[in-house]
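File shown: structure_27.cif (mmCIF, C-alpha atoms).
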```cif
data_protein
loop_
_atom_site.label_atom_id
_atom_site.label_comp_id
_atom_site.auth_asym_id
_atom_site.auth_seq_id
_atom_site.Cartn_x
_atom_site.Cartn_y
_atom_site.Cartn_z
CA MET A 836 25.63 -1.26 -13.02
CA ASP A 837 26.80 -2.85 -9.77
CA GLN A 838 23.90 -3.06 -7.27
CA ARG A 839 26.04 -1.71 -4.44
CA SER A 840 26.94 1.30 -6.54
CA LEU A 841 23.31 1.76 -7.61
CA ASP A 842 22.14 1.78 -3.98
CA GLN A 843 24.06 5.04 -3.53
CA ARG A 844 22.13 6.74 -6.33
CA GLY A 845 19.01 8.88 -5.97
CA PHE A 846 15.47 7.58 -5.64
CA GLY A 847 14.48 8.43 -9.22
CA THR A 848 17.58 6.73 -10.61
CA ARG A 849 16.76 3.58 -8.64
CA CYS A 850 13.16 3.70 -9.89
CA VAL A 851 14.51 3.43 -13.41
CA HIS A 852 17.53 1.14 -13.02
CA ALA A 853 17.29 -1.06 -9.88
CA GLY A 854 16.86 -4.78 -10.55
CA GLU A 855 17.53 -4.45 -14.27
CA ASP A 856 20.95 -6.05 -14.77
CA GLY A 857 21.84 -9.34 -16.40
CA HIS A 858 19.07 -10.00 -18.90
CA PRO A 859 19.90 -12.08 -21.99
CA HIS A 860 20.38 -11.03 -25.58
CA GLY A 861 20.88 -7.38 -24.63
CA ALA A 862 17.17 -6.76 -24.01
CA HIS A 863 16.63 -3.12 -23.03
CA ALA A 864 13.24 -3.75 -21.39
CA ILE A 865 12.80 -6.52 -18.83
CA PRO A 866 11.54 -9.64 -20.68
CA ILE A 867 8.29 -11.30 -19.64
CA TYR A 868 9.30 -14.84 -18.72
CA GLN A 869 6.05 -16.53 -19.69
CA THR A 870 6.89 -19.95 -18.33
CA SER A 871 5.53 -22.17 -15.58
CA THR A 872 8.71 -24.20 -15.04
CA PHE A 873 12.47 -24.10 -15.57
CA VAL A 874 14.88 -26.61 -17.10
CA PHE A 875 18.01 -27.85 -15.32
CA GLU A 876 21.29 -28.95 -16.85
CA SER A 877 21.72 -31.78 -14.36
CA VAL A 878 20.11 -33.55 -11.43
CA ARG A 879 22.76 -32.04 -9.15
CA GLU A 880 21.82 -28.52 -10.27
CA ALA A 881 18.14 -29.27 -9.61
CA GLU A 882 18.94 -30.75 -6.20
CA GLU A 883 20.87 -27.64 -5.18
CA ALA A 884 18.00 -25.39 -6.25
CA PHE A 885 15.25 -27.39 -4.55
CA SER A 886 17.24 -27.93 -1.37
CA GLY A 887 17.85 -24.20 -1.08
CA ARG A 888 21.63 -24.58 -1.09
CA LYS A 889 21.76 -22.46 -4.20
CA GLN A 890 19.20 -19.90 -5.31
CA GLY A 891 17.69 -20.75 -8.66
CA TYR A 892 14.49 -20.61 -10.62
CA ARG A 893 12.49 -23.81 -10.26
CA TYR A 894 8.77 -23.28 -10.68
CA THR A 895 6.91 -20.01 -11.11
CA ARG A 896 4.79 -20.45 -7.97
CA SER A 897 7.91 -20.69 -5.80
CA TYR A 898 10.40 -17.96 -4.88
CA PRO A 899 12.15 -16.44 -6.74
CA ASN A 900 9.27 -17.07 -9.19
CA THR A 901 10.74 -15.80 -12.49
CA PRO A 902 13.44 -13.28 -13.50
CA THR A 903 10.60 -10.84 -14.24
CA HIS A 904 9.28 -11.13 -10.69
CA MET A 905 12.78 -10.89 -9.30
CA ALA A 906 13.51 -7.66 -11.17
CA PHE A 907 10.34 -6.12 -9.73
CA VAL A 908 11.10 -7.30 -6.19
CA GLU A 909 14.70 -6.06 -6.35
CA LYS A 910 13.45 -2.65 -7.49
CA MET A 911 11.02 -2.46 -4.54
CA VAL A 912 13.71 -3.64 -2.12
CA SER A 913 15.96 -0.83 -3.33
CA LEU A 914 13.25 1.81 -3.07
CA GLU A 915 12.14 0.79 0.44
CA ARG A 916 15.75 0.24 1.60
CA ALA A 917 14.93 -3.34 2.61
CA GLU A 918 16.72 -6.69 2.80
CA ALA A 919 14.25 -8.87 0.87
CA GLY A 920 10.82 -8.95 -0.72
CA GLN A 921 8.09 -11.16 -2.16
CA SER A 922 5.47 -10.31 -4.77
CA PHE A 923 1.84 -11.44 -4.68
CA ALA A 924 -1.28 -11.60 -6.83
CA SER A 925 -2.93 -8.74 -4.90
CA GLY A 926 -2.58 -6.55 -1.86
CA MET A 927 -5.01 -8.76 0.04
CA ALA A 928 -3.03 -11.89 -0.84
CA THR A 929 0.00 -10.11 0.60
CA GLU A 930 -1.69 -9.27 3.90
CA ALA A 931 -3.11 -12.79 4.27
CA ALA A 932 0.28 -14.40 3.62
CA VAL A 933 2.10 -12.12 6.07
CA ALA A 934 -0.40 -12.94 8.82
CA LEU A 935 -0.42 -16.70 8.15
CA ALA A 936 3.37 -16.83 7.86
CA LEU A 937 4.21 -14.96 11.04
CA LEU A 938 1.35 -15.84 13.40
CA ASN A 939 0.15 -19.04 15.03
CA LYS A 940 -3.12 -20.24 16.48
CA GLY A 941 -3.84 -18.21 19.60
CA ASP A 942 -1.83 -15.17 18.53
CA ARG A 943 -3.30 -11.67 18.39
CA ILE A 944 -2.94 -8.73 16.01
CA LEU A 945 -3.11 -5.11 17.07
CA CYS A 946 -4.50 -3.23 14.07
CA THR A 947 -5.18 0.39 13.20
CA ASP A 948 -8.91 0.88 13.77
CA VAL A 949 -9.38 2.77 10.49
CA VAL A 950 -8.18 0.50 7.68
CA TYR A 951 -9.25 -0.57 4.22
CA GLY A 952 -12.53 -2.50 4.40
CA GLY A 953 -10.96 -5.64 2.92
CA THR A 954 -8.28 -5.64 5.61
CA ASN A 955 -10.93 -5.30 8.29
CA ALA A 956 -12.87 -8.24 6.80
CA LEU A 957 -9.74 -10.41 6.54
CA PHE A 958 -8.90 -9.80 10.18
CA THR A 959 -12.47 -10.24 11.48
CA ARG A 960 -13.90 -12.94 9.22
CA ILE A 961 -11.08 -15.12 7.91
CA LEU A 962 -8.18 -15.13 10.37
CA PRO A 963 -10.37 -16.02 13.40
CA LYS A 964 -11.06 -19.36 11.66
CA PHE A 965 -7.35 -20.07 12.15
CA GLY A 966 -7.40 -18.98 15.79
CA ILE A 967 -5.90 -15.54 15.11
CA GLU A 968 -7.81 -12.67 16.71
CA THR A 969 -7.49 -8.93 16.15
CA ASP A 970 -7.87 -5.93 18.45
CA PHE A 971 -8.60 -2.69 16.58
CA VAL A 972 -7.18 0.36 18.30
CA ASP A 973 -6.32 3.95 17.54
CA THR A 974 -2.65 3.42 16.67
CA SER A 975 -2.11 7.19 16.72
CA ASN A 976 -2.60 6.92 20.50
CA LEU A 977 0.51 5.38 22.07
CA GLU A 978 -1.35 4.53 25.28
CA ASP A 979 -3.74 2.36 23.27
CA ILE A 980 -0.72 0.65 21.71
CA GLN A 981 0.79 -0.08 25.12
CA GLU A 982 -2.51 -1.43 26.42
CA GLY A 983 -3.01 -3.63 23.36
CA LEU A 984 0.49 -5.08 23.57
CA GLY A 985 -0.21 -5.83 27.20
CA LYS A 986 -2.81 -8.34 25.96
CA GLY A 987 -0.07 -10.27 24.19
CA ALA A 988 -0.30 -9.05 20.59
CA LYS A 989 2.40 -10.58 18.38
CA MET A 990 1.91 -8.23 15.45
CA ILE A 991 1.03 -4.57 15.01
CA PHE A 992 -0.56 -3.79 11.65
CA ILE A 993 -0.55 -0.09 10.81
CA GLU A 994 -2.12 1.83 7.96
CA THR A 995 -0.83 5.39 7.74
CA PRO A 996 -2.20 7.61 6.34
CA ALA A 997 -5.33 5.65 7.21
CA ASN A 998 -7.98 4.86 4.61
CA PRO A 999 -10.12 6.97 4.33
CA THR A 1000 -9.74 9.29 7.35
CA MET A 1001 -6.08 10.21 6.67
CA LYS A 1002 -5.19 9.63 10.33
CA ILE A 1003 -1.42 9.46 10.91
CA THR A 1004 0.40 6.98 13.16
CA ASP A 1005 3.84 7.80 14.59
CA LEU A 1006 5.84 4.97 13.01
CA SER A 1007 9.07 5.52 14.93
CA ALA A 1008 7.33 5.55 18.31
CA VAL A 1009 5.10 2.56 17.61
CA SER A 1010 7.95 0.51 16.12
CA GLU A 1011 10.06 1.12 19.24
CA ILE A 1012 7.22 0.08 21.54
CA ALA A 1013 6.59 -3.04 19.44
CA ARG A 1014 10.27 -3.95 19.41
CA ASP A 1015 10.40 -3.78 23.20
CA ALA A 1016 7.37 -6.08 23.33
CA LYS A 1017 8.92 -8.46 20.74
CA ALA A 1018 6.02 -7.84 18.36
CA VAL A 1019 6.41 -7.56 14.58
CA THR A 1020 5.47 -4.18 13.06
CA VAL A 1021 3.81 -4.35 9.64
CA VAL A 1022 2.94 -1.13 7.79
CA ASP A 1023 0.63 -0.74 4.82
CA ASN A 1024 2.44 1.96 2.85
CA THR A 1025 0.04 1.97 -0.12
CA PHE A 1026 -1.28 5.52 0.38
CA ALA A 1027 2.15 7.14 0.64
CA SER A 1028 4.31 4.94 -1.64
CA PRO A 1029 8.03 4.56 -0.93
CA TYR A 1030 8.61 7.93 -2.57
CA PHE A 1031 6.96 9.82 0.29
CA GLN A 1032 7.36 7.42 3.23
CA ARG A 1033 9.74 4.58 4.08
CA PRO A 1034 8.53 2.80 7.24
CA LEU A 1035 11.52 0.44 7.42
CA GLU A 1036 13.80 3.41 7.96
CA LEU A 1037 11.51 4.41 10.84
CA GLY A 1038 11.79 1.02 12.54
CA ALA A 1039 9.09 -1.17 10.97
CA ASP A 1040 9.84 -4.83 10.19
CA ILE A 1041 7.71 -5.34 7.08
CA VAL A 1042 6.09 -3.00 4.56
CA VAL A 1043 3.20 -4.10 2.36
CA HIS A 1044 1.79 -2.44 -0.74
CA SER A 1045 -1.17 -2.99 -2.98
CA CYS A 1046 0.71 -2.63 -6.27
CA THR A 1047 -2.67 -2.08 -7.90
CA LYS A 1048 -2.39 1.51 -6.70
CA TYR A 1049 0.60 3.87 -6.97
CA ILE A 1050 3.17 1.17 -7.77
CA GLY A 1051 1.43 0.19 -11.01
CA GLY A 1052 -0.04 3.66 -11.31
CA HIS A 1053 -2.29 3.15 -14.32
CA GLY A 1054 -5.25 1.12 -13.02
CA ASP A 1055 -4.41 -1.87 -15.22
CA LEU A 1056 -3.00 -4.50 -12.85
CA LEU A 1057 -3.63 -6.37 -9.60
CA GLY A 1058 -0.66 -7.08 -7.40
CA GLY A 1059 0.90 -6.87 -3.99
CA VAL A 1060 4.33 -6.96 -2.41
CA ALA A 1061 5.85 -7.47 1.04
CA ILE A 1062 9.30 -6.01 1.75
CA GLY A 1063 11.36 -6.14 4.92
CA ARG A 1064 13.66 -8.22 7.09
CA LYS A 1065 15.17 -11.19 5.31
CA ASP A 1066 14.28 -13.72 8.02
CA LEU A 1067 10.63 -12.66 8.02
CA ILE A 1068 10.29 -12.46 4.25
CA ARG A 1069 11.70 -15.98 3.95
CA ASP A 1070 8.69 -17.30 5.88
CA VAL A 1071 6.33 -15.08 3.89
CA SER A 1072 7.75 -16.45 0.62
CA ARG A 1073 7.17 -20.03 1.75
CA THR A 1074 3.56 -19.17 2.53
CA GLU A 1075 3.15 -17.57 -0.91
CA ALA A 1076 4.39 -20.77 -2.55
CA LEU A 1077 2.12 -23.02 -0.49
CA THR A 1078 -1.04 -20.92 -0.72
CA GLY A 1079 -0.54 -20.00 -4.38
CA GLY A 1080 -1.05 -16.24 -4.27
CA THR A 1081 1.49 -15.77 -7.05
CA MET A 1082 1.69 -12.52 -9.00
CA GLY A 1083 1.20 -13.00 -12.73
CA THR A 1084 4.30 -12.55 -14.85
CA HIS A 1085 2.66 -9.87 -16.98
CA GLU A 1086 1.59 -8.04 -13.83
CA ALA A 1087 5.19 -8.12 -12.59
CA PHE A 1088 6.26 -6.56 -15.89
CA LEU A 1089 3.60 -3.85 -15.61
CA ALA A 1090 4.65 -3.11 -12.01
CA ILE A 1091 8.25 -2.68 -13.18
CA ARG A 1092 7.11 -0.30 -15.88
CA GLY A 1093 4.98 1.64 -13.39
CA LEU A 1094 7.87 2.03 -10.96
CA LYS A 1095 10.02 3.68 -13.61
CA THR A 1096 7.86 6.81 -13.37
CA LEU A 1097 6.83 6.56 -9.70
CA HIS A 1098 8.89 9.56 -8.58
CA VAL A 1099 7.55 11.75 -11.39
CA ARG A 1100 3.94 10.73 -10.88
CA MET A 1101 4.00 11.11 -7.09
CA GLU A 1102 5.26 14.68 -7.36
CA ARG A 1103 2.35 15.57 -9.65
CA HIS A 1104 -0.21 13.66 -7.57
CA ALA A 1105 0.88 15.57 -4.46
CA TYR A 1106 1.01 18.94 -6.19
CA ASN A 1107 -2.49 18.50 -7.60
CA ALA A 1108 -3.91 17.12 -4.35
CA LEU A 1109 -2.77 20.12 -2.33
CA GLN A 1110 -4.38 22.50 -4.84
CA VAL A 1111 -7.62 20.48 -4.76
CA ALA A 1112 -7.59 20.30 -0.94
CA GLU A 1113 -7.13 24.08 -0.64
CA PHE A 1114 -9.93 24.65 -3.15
CA LEU A 1115 -12.31 22.36 -1.25
CA GLU A 1116 -11.38 23.88 2.11
CA SER A 1117 -12.45 27.30 0.85
CA HIS A 1118 -15.66 26.10 -0.87
CA PRO A 1119 -18.92 27.15 0.80
CA LYS A 1120 -20.54 23.74 0.22
CA VAL A 1121 -17.75 21.79 1.92
CA GLU A 1122 -17.86 21.16 5.68
CA TRP A 1123 -14.34 19.80 6.20
CA VAL A 1124 -11.27 18.48 4.37
CA LEU A 1125 -8.73 15.89 5.52
CA TYR A 1126 -5.39 16.02 3.74
CA PRO A 1127 -2.08 15.59 5.64
CA GLY A 1128 -0.50 18.35 3.56
CA LEU A 1129 -2.91 20.96 4.91
CA GLU A 1130 -1.88 22.84 8.04
CA SER A 1131 -5.46 22.33 9.24
CA HIS A 1132 -4.93 18.55 9.39
CA PRO A 1133 -4.81 17.65 13.11
CA GLN A 1134 -1.57 15.66 12.64
CA HIS A 1135 0.10 17.81 10.00
CA ASP A 1136 3.28 18.22 12.06
CA LEU A 1137 3.67 14.45 12.53
CA ALA A 1138 3.01 13.85 8.83
CA LYS A 1139 5.66 16.43 7.95
CA LYS A 1140 8.10 14.70 10.32
CA GLN A 1141 7.84 11.19 8.86
CA MET A 1142 6.74 11.86 5.29
CA SER A 1143 8.52 13.84 2.58
CA GLY A 1144 5.20 14.51 0.80
CA TYR A 1145 1.53 13.62 1.06
CA SER A 1146 0.51 11.81 -2.16
CA GLY A 1147 -2.83 12.28 -3.88
CA MET A 1148 -5.33 11.00 -1.33
CA LEU A 1149 -7.84 13.20 0.49
CA SER A 1150 -11.32 13.05 1.97
CA PHE A 1151 -13.92 15.74 2.50
CA GLY A 1152 -17.44 16.17 3.84
CA VAL A 1153 -20.10 18.02 1.92
CA LYS A 1154 -22.94 20.08 3.35
CA GLY A 1155 -26.21 18.26 2.84
CA GLY A 1156 -24.84 14.88 3.88
CA ARG A 1157 -25.09 11.67 1.91
CA ARG A 1158 -27.73 12.91 -0.53
CA ALA A 1159 -25.63 15.91 -1.56
CA GLY A 1160 -22.56 13.72 -1.80
CA MET A 1161 -24.35 11.34 -4.14
CA LYS A 1162 -25.36 14.28 -6.34
CA ILE A 1163 -21.76 15.44 -6.50
CA MET A 1164 -20.48 12.04 -7.55
CA ASP A 1165 -23.26 11.67 -10.12
CA GLY A 1166 -22.46 15.16 -11.43
CA ILE A 1167 -18.77 14.70 -12.22
CA GLU A 1168 -17.59 14.47 -15.82
CA LEU A 1169 -13.79 14.43 -15.79
CA CYS A 1170 -13.30 12.47 -12.57
CA SER A 1171 -14.23 8.79 -12.57
CA LEU A 1172 -16.65 7.27 -10.06
CA ALA A 1173 -14.63 4.21 -9.06
CA VAL A 1174 -12.97 2.46 -6.15
CA SER A 1175 -9.22 1.93 -5.89
CA LEU A 1176 -6.68 4.74 -6.02
CA GLY A 1177 -3.28 5.79 -7.28
CA SER A 1178 -4.15 5.85 -10.96
CA VAL A 1179 -3.02 8.62 -13.30
CA ASP A 1180 -6.64 9.75 -13.60
CA THR A 1181 -8.72 11.17 -10.75
CA LEU A 1182 -11.03 8.71 -8.98
CA ILE A 1183 -13.83 9.67 -6.61
CA GLN A 1184 -15.90 7.40 -4.39
CA HIS A 1185 -18.18 7.14 -1.36
CA PRO A 1186 -16.45 5.01 1.32
CA ALA A 1187 -19.56 4.23 3.38
CA SER A 1188 -21.32 2.57 0.44
CA MET A 1189 -18.29 1.35 -1.51
CA THR A 1190 -14.82 0.55 -0.13
CA HIS A 1191 -15.95 0.33 3.51
CA ALA A 1192 -19.48 -0.98 3.02
CA VAL A 1193 -18.35 -4.35 4.43
CA MET A 1194 -17.93 -2.72 7.84
CA PRO A 1195 -21.00 -2.45 10.12
CA ARG A 1196 -22.54 1.02 10.08
CA GLU A 1197 -21.99 1.62 13.79
CA VAL A 1198 -18.28 0.77 13.39
CA ARG A 1199 -17.91 3.11 10.41
CA GLU A 1200 -19.56 5.98 12.24
CA ARG A 1201 -17.47 5.44 15.37
CA LEU A 1202 -14.30 5.60 13.29
CA GLY A 1203 -15.30 8.76 11.46
CA ILE A 1204 -16.29 7.18 8.15
CA SER A 1205 -19.43 9.26 7.93
CA ASP A 1206 -22.13 9.16 5.30
CA ASP A 1207 -21.14 12.62 4.07
CA MET A 1208 -17.54 11.57 3.43
CA ILE A 1209 -16.21 11.58 -0.13
CA ARG A 1210 -12.75 10.21 -0.93
CA ILE A 1211 -10.71 11.44 -3.88
CA SER A 1212 -7.62 9.92 -5.43
CA VAL A 1213 -6.30 12.99 -7.25
CA GLY A 1214 -4.74 12.17 -10.61
CA ILE A 1215 -2.09 13.86 -12.72
CA GLU A 1216 -4.39 15.74 -15.09
CA GLU A 1217 -4.17 19.53 -15.29
CA VAL A 1218 -5.24 20.55 -11.81
CA GLU A 1219 -7.38 23.42 -13.12
CA ASP A 1220 -9.54 20.87 -14.95
CA ILE A 1221 -9.94 18.69 -11.85
CA ILE A 1222 -10.99 21.70 -9.76
CA ALA A 1223 -13.40 22.93 -12.43
CA ASP A 1224 -15.06 19.50 -12.56
CA LEU A 1225 -15.48 19.37 -8.79
CA ASP A 1226 -16.67 22.96 -8.61
CA ARG A 1227 -19.38 22.38 -11.21
CA ALA A 1228 -20.55 19.20 -9.42
CA LEU A 1229 -20.63 21.01 -6.06
CA ILE A 1230 -22.68 23.86 -7.52
CA LEU A 1231 -25.17 21.43 -9.04
CA ALA A 1232 -25.51 19.60 -5.71
#
```

Please express what this file holds, its structure, as structure tokens.
Amino acid sequence: MDQRSLDQRGFGTRCVHAGEDGHPHGAHAIPIYQTSTFVFESVREAEEAFSGRKQGYRYTRSYPNTPTHMAFVEKMVSLERAEAGQSFASGMATEAAVALALLNKGDRILCTDVVYGGTNALFTRILPKFGIETDFVDTSNLEDIQEGLGKGAKMIFIETPANPTMKITDLSAVSEIARDAKAVTVVDNTFASPYFQRPLELGADIVVHSCTKYIGGHGDLLGGVAIGRKDLIRDVSRTEALTGGTMGTHEAFLAIRGLKTLHVRMERHAYNALQVAEFLESHPKVEWVLYPGLESHPQHDLAKKQMSGYSGMLSFGVKGGRRAGMKIMDGIELCSLAVSLGSVDTLIQHPASMTHAVMPREVRERLGISDDMIRISVGIEEVEDIIADLDRALILA
């Protein structure tokens, strides 16, 4: 099918078919090109490929990596409505490459204050060694954005919904402010997936994903991807080749396979999560629930404006604090006590002692990552079974 024609098709159709043309021997599934290098017919052909005059496969570490990688990237480019993309070995490799590719010594990042703990550590522990500093601000507050850009930030890094507080940032408004200030807007879209949110259509320059989560969807791969403007992705791809954060070929294949059911899975994740959130909100042992799909969420209207759905991520606080929370997580049977998210099965974890333990306690508490907070990645099991498991654990706590 012609790519131009395919781009006019629906999201689910593109999940299944985008990036899948032109594979040899009539293979129905994308082949895994398990090779580290590629053979040329002539020196002239090799020269054209290595000079960049003609796109061609050269060496698996360098863009376009392999046809397997390219099929995955083309599928993501179609789903995010982007110009170009680059795959990586992990979500963190993606973030590091984007920062190193687009920033120089002395530049500053303006970052959402509530982000994944690994992102916080990258920006506070690693990038300063290269002369790149970060200001963490509440990106849901446009005045804070304006003030931060006034200090000369060259990049705004946004996580929305934020991990794990589910805070929402107005992507259209922030992207416009950043554009006026000639700053690059980068959005971590891992929590929402391109099915429920497409930041590039709202004005962002680059979108990043941890493919380990909803893109792969089955908890069996590590990967990352950056998608966005062609000129920016070109620099990001060069950095990937020189720093070696290359996605494995088998992981690219698994990411392709995961994307084929993304639209189906996300619908079920969101349906289940709303039922779980409503159950928790009515439970006598629960103090509060944060889920963008609930009308009680302080930014529900904004979420509804820029998202078409709310995925499977939610957080809640339990009466009795950390000790009660620990009892709940030790009392589950169906849900799995594990970090990460976006898998077909339900995962539950304690951010303060797990995903965000790298952050100083005073920082966590200031940002609302309290000791009583429990984060759930709601899976696609029968929702009645998920609720029954949580109910029994809450009663026992």

Chain and number of each residue from the PyMOL selection byres ((chain A and resi 951) around 9), as a ChimeraX atom specification = /A:949-950,952-956,994,997-999,1190-1191

Could you tell me, as an mmCIF file with C-alpha atoms, in the coordinates of the input, exactly which residues end up selected when the PyMOL selection byres ((chain A and resi 1058-1068) around 8) is applied to this structure?
```cif
data_model
loop_
_atom_site.group_PDB
_atom_site.id
_atom_site.type_symbol
_atom_site.label_atom_id
_atom_site.label_comp_id
_atom_site.auth_asym_id
_atom_site.auth_seq_id
_atom_site.Cartn_x
_atom_site.Cartn_y
_atom_site.Cartn_z
ATOM 1 C CA VAL A 908 11.100 -7.300 -6.190
ATOM 2 C CA MET A 911 11.020 -2.460 -4.540
ATOM 3 C CA VAL A 912 13.710 -3.640 -2.120
ATOM 4 C CA GLU A 915 12.140 0.790 0.440
ATOM 5 C CA ALA A 917 14.930 -3.340 2.610
ATOM 6 C CA GLU A 918 16.720 -6.690 2.800
ATOM 7 C CA ALA A 919 14.250 -8.870 0.870
ATOM 8 C CA GLY A 920 10.820 -8.950 -0.720
ATOM 9 C CA GLN A 921 8.090 -11.160 -2.160
ATOM 10 C CA SER A 922 5.470 -10.310 -4.770
ATOM 11 C CA PHE A 923 1.840 -11.440 -4.680
ATOM 12 C CA ALA A 924 -1.280 -11.600 -6.830
ATOM 13 C CA SER A 925 -2.930 -8.740 -4.900
ATOM 14 C CA GLY A 926 -2.580 -6.550 -1.860
ATOM 15 C CA MET A 927 -5.010 -8.760 0.040
ATOM 16 C CA ALA A 928 -3.030 -11.890 -0.840
ATOM 17 C CA THR A 929 0.000 -10.110 0.600
ATOM 18 C CA VAL A 933 2.100 -12.120 6.070
ATOM 19 C CA LEU A 937 4.210 -14.960 11.040
ATOM 20 C CA LEU A 1035 11.520 0.440 7.420
ATOM 21 C CA ASP A 1040 9.840 -4.830 10.190
ATOM 22 C CA ILE A 1041 7.710 -5.340 7.080
ATOM 23 C CA VAL A 1042 6.090 -3.000 4.560
ATOM 24 C CA VAL A 1043 3.200 -4.100 2.360
ATOM 25 C CA HIS A 1044 1.790 -2.440 -0.740
ATOM 26 C CA SER A 1045 -1.170 -2.990 -2.980
ATOM 27 C CA CYS A 1046 0.710 -2.630 -6.270
ATOM 28 C CA THR A 1047 -2.670 -2.080 -7.900
ATOM 29 C CA LEU A 1056 -3.000 -4.500 -12.850
ATOM 30 C CA LEU A 1057 -3.630 -6.370 -9.600
ATOM 31 C CA ARG A 1069 11.700 -15.980 3.950
ATOM 32 C CA ASP A 1070 8.690 -17.300 5.880
ATOM 33 C CA VAL A 1071 6.330 -15.080 3.890
ATOM 34 C CA SER A 1072 7.750 -16.450 0.620
ATOM 35 C CA MET A 1082 1.690 -12.520 -9.000
ATOM 36 C CA GLU A 1086 1.590 -8.040 -13.830
ATOM 37 C CA ALA A 1087 5.190 -8.120 -12.590
#
```

Point-to-point distance in Å for atom CA of A:Thr947 and atom CA of A:Lys1140 =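 For atom CA of A:Lys1140 relative to atom CA of A:Thr947, the distance reads 19.7 Å.
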
task = Between A:Tyr1126, A:Phe875, A:Phe992, A:Phe885, single out the one closest to A:Tyr898, counting only C-alpha atoms.
result = A:Phe885

task = Could you tell me how far atom CA of A:Ala1018 lies from atom CA of A:Pro963, in Å and to one decimal?
result =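 Computing the Euclidean distance for atom CA of A:Ala1018 and atom CA of A:Pro963 yields 19.0 Å.
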
task = Using the chain letters and numbers from the file, give me the residues hit by the PyMOL selection byres ((chain A and resi 895) around 9), as a ChimeraX atom specification.
result = /A:870-873,892-894,896-901,1076,1081,1084

ask   = Skipping near chain neighbours, those fewer than 3 positions away, what residues fall within 12 Å of A:Pro1133 using all atoms listed in the file, listed as a ChimeraX atom specification?
value = /A:975,1000-1004,1123-1130,1136-1139

Given only C-alpha atoms as the counted atoms, nearest of A:Ile1222, A:Pro1119, A:Asn1024, A:Pro1195 to A:Ser1146 =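 So, comparing all the options, the nearest one is A:Asn1024.
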
inquiry  = So that I can see what lies close to A:Tyr1030, please list as number ranges by chain the residues with an atom at most 8 Å from it, counting all atoms listed in the file and leaving out residues fewer than 3 positions away in the same chain.
reply    = A: 846, 914, 1027, 1033, 1097-1098, 1101, 1143

inquiry  = Would you compute the distance between atom CA of A:Glu968 and atom CA of A:Leu945? Give it in Å to one decimal.
reply    =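 Atom CA of A:Glu968 sits 8.9 Å away from atom CA of A:Leu945.
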
Among listed residues A:Ala931, A:Met990, A:Arg1014, A:Ala936, nearest A:Leu957 (using all atoms listed in the file) =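 Distance minimum relative to A:Leu957 lands on A:Ala931.
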
ask   = What lies within 8 Å of A:Asp1180 using only C-alpha atoms, ignoring chain neighbours under 2 positions off, as an NGL selection string?
value = :A and (1053 or 1170-1171 or 1178 or 1182 or 1213-1216)

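Among the candidate residues A:Gly966, A:Val1099, A:Thr1020, A:Ile961, the one lying nearest to A:Leu984 is A:Thr1020, with distances computed using all atoms listed in the file.
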
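Among A:Met1164, A:Ala884, A:Ala1090, A:Leu1115, the residue with the shortest atom-to-atom distance to A:Met905, counting all atoms listed in the file, is A:Ala1090.
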
ask   = Neighbours of A:Asp856 within 12 Å (only C-alpha atoms; same-chain residues fewer than 3 positions away dropped), as an MDAnalysis selection string?
value = chainID A and resid 836:838 841 851:853 859:866 902:903 905:907 909:910

inquiry  = Could you list, as a ChimeraX atom specification, every residue within 12 Å of A:Asp1015, counting only C-alpha atoms and ignoring same-chain residues fewer than 6 positions away?
reply    = /A:981,984-985,989,1008-1009,1038

ask   = Given the choices A:Gly1177, A:Gln1134, A:Val1022, A:Phe958, which gets closest to A:Asn976 if the distance is worked out from all atoms listed in the file?
value =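 Distance minimum relative to A:Asn976 lands on A:Gln1134.
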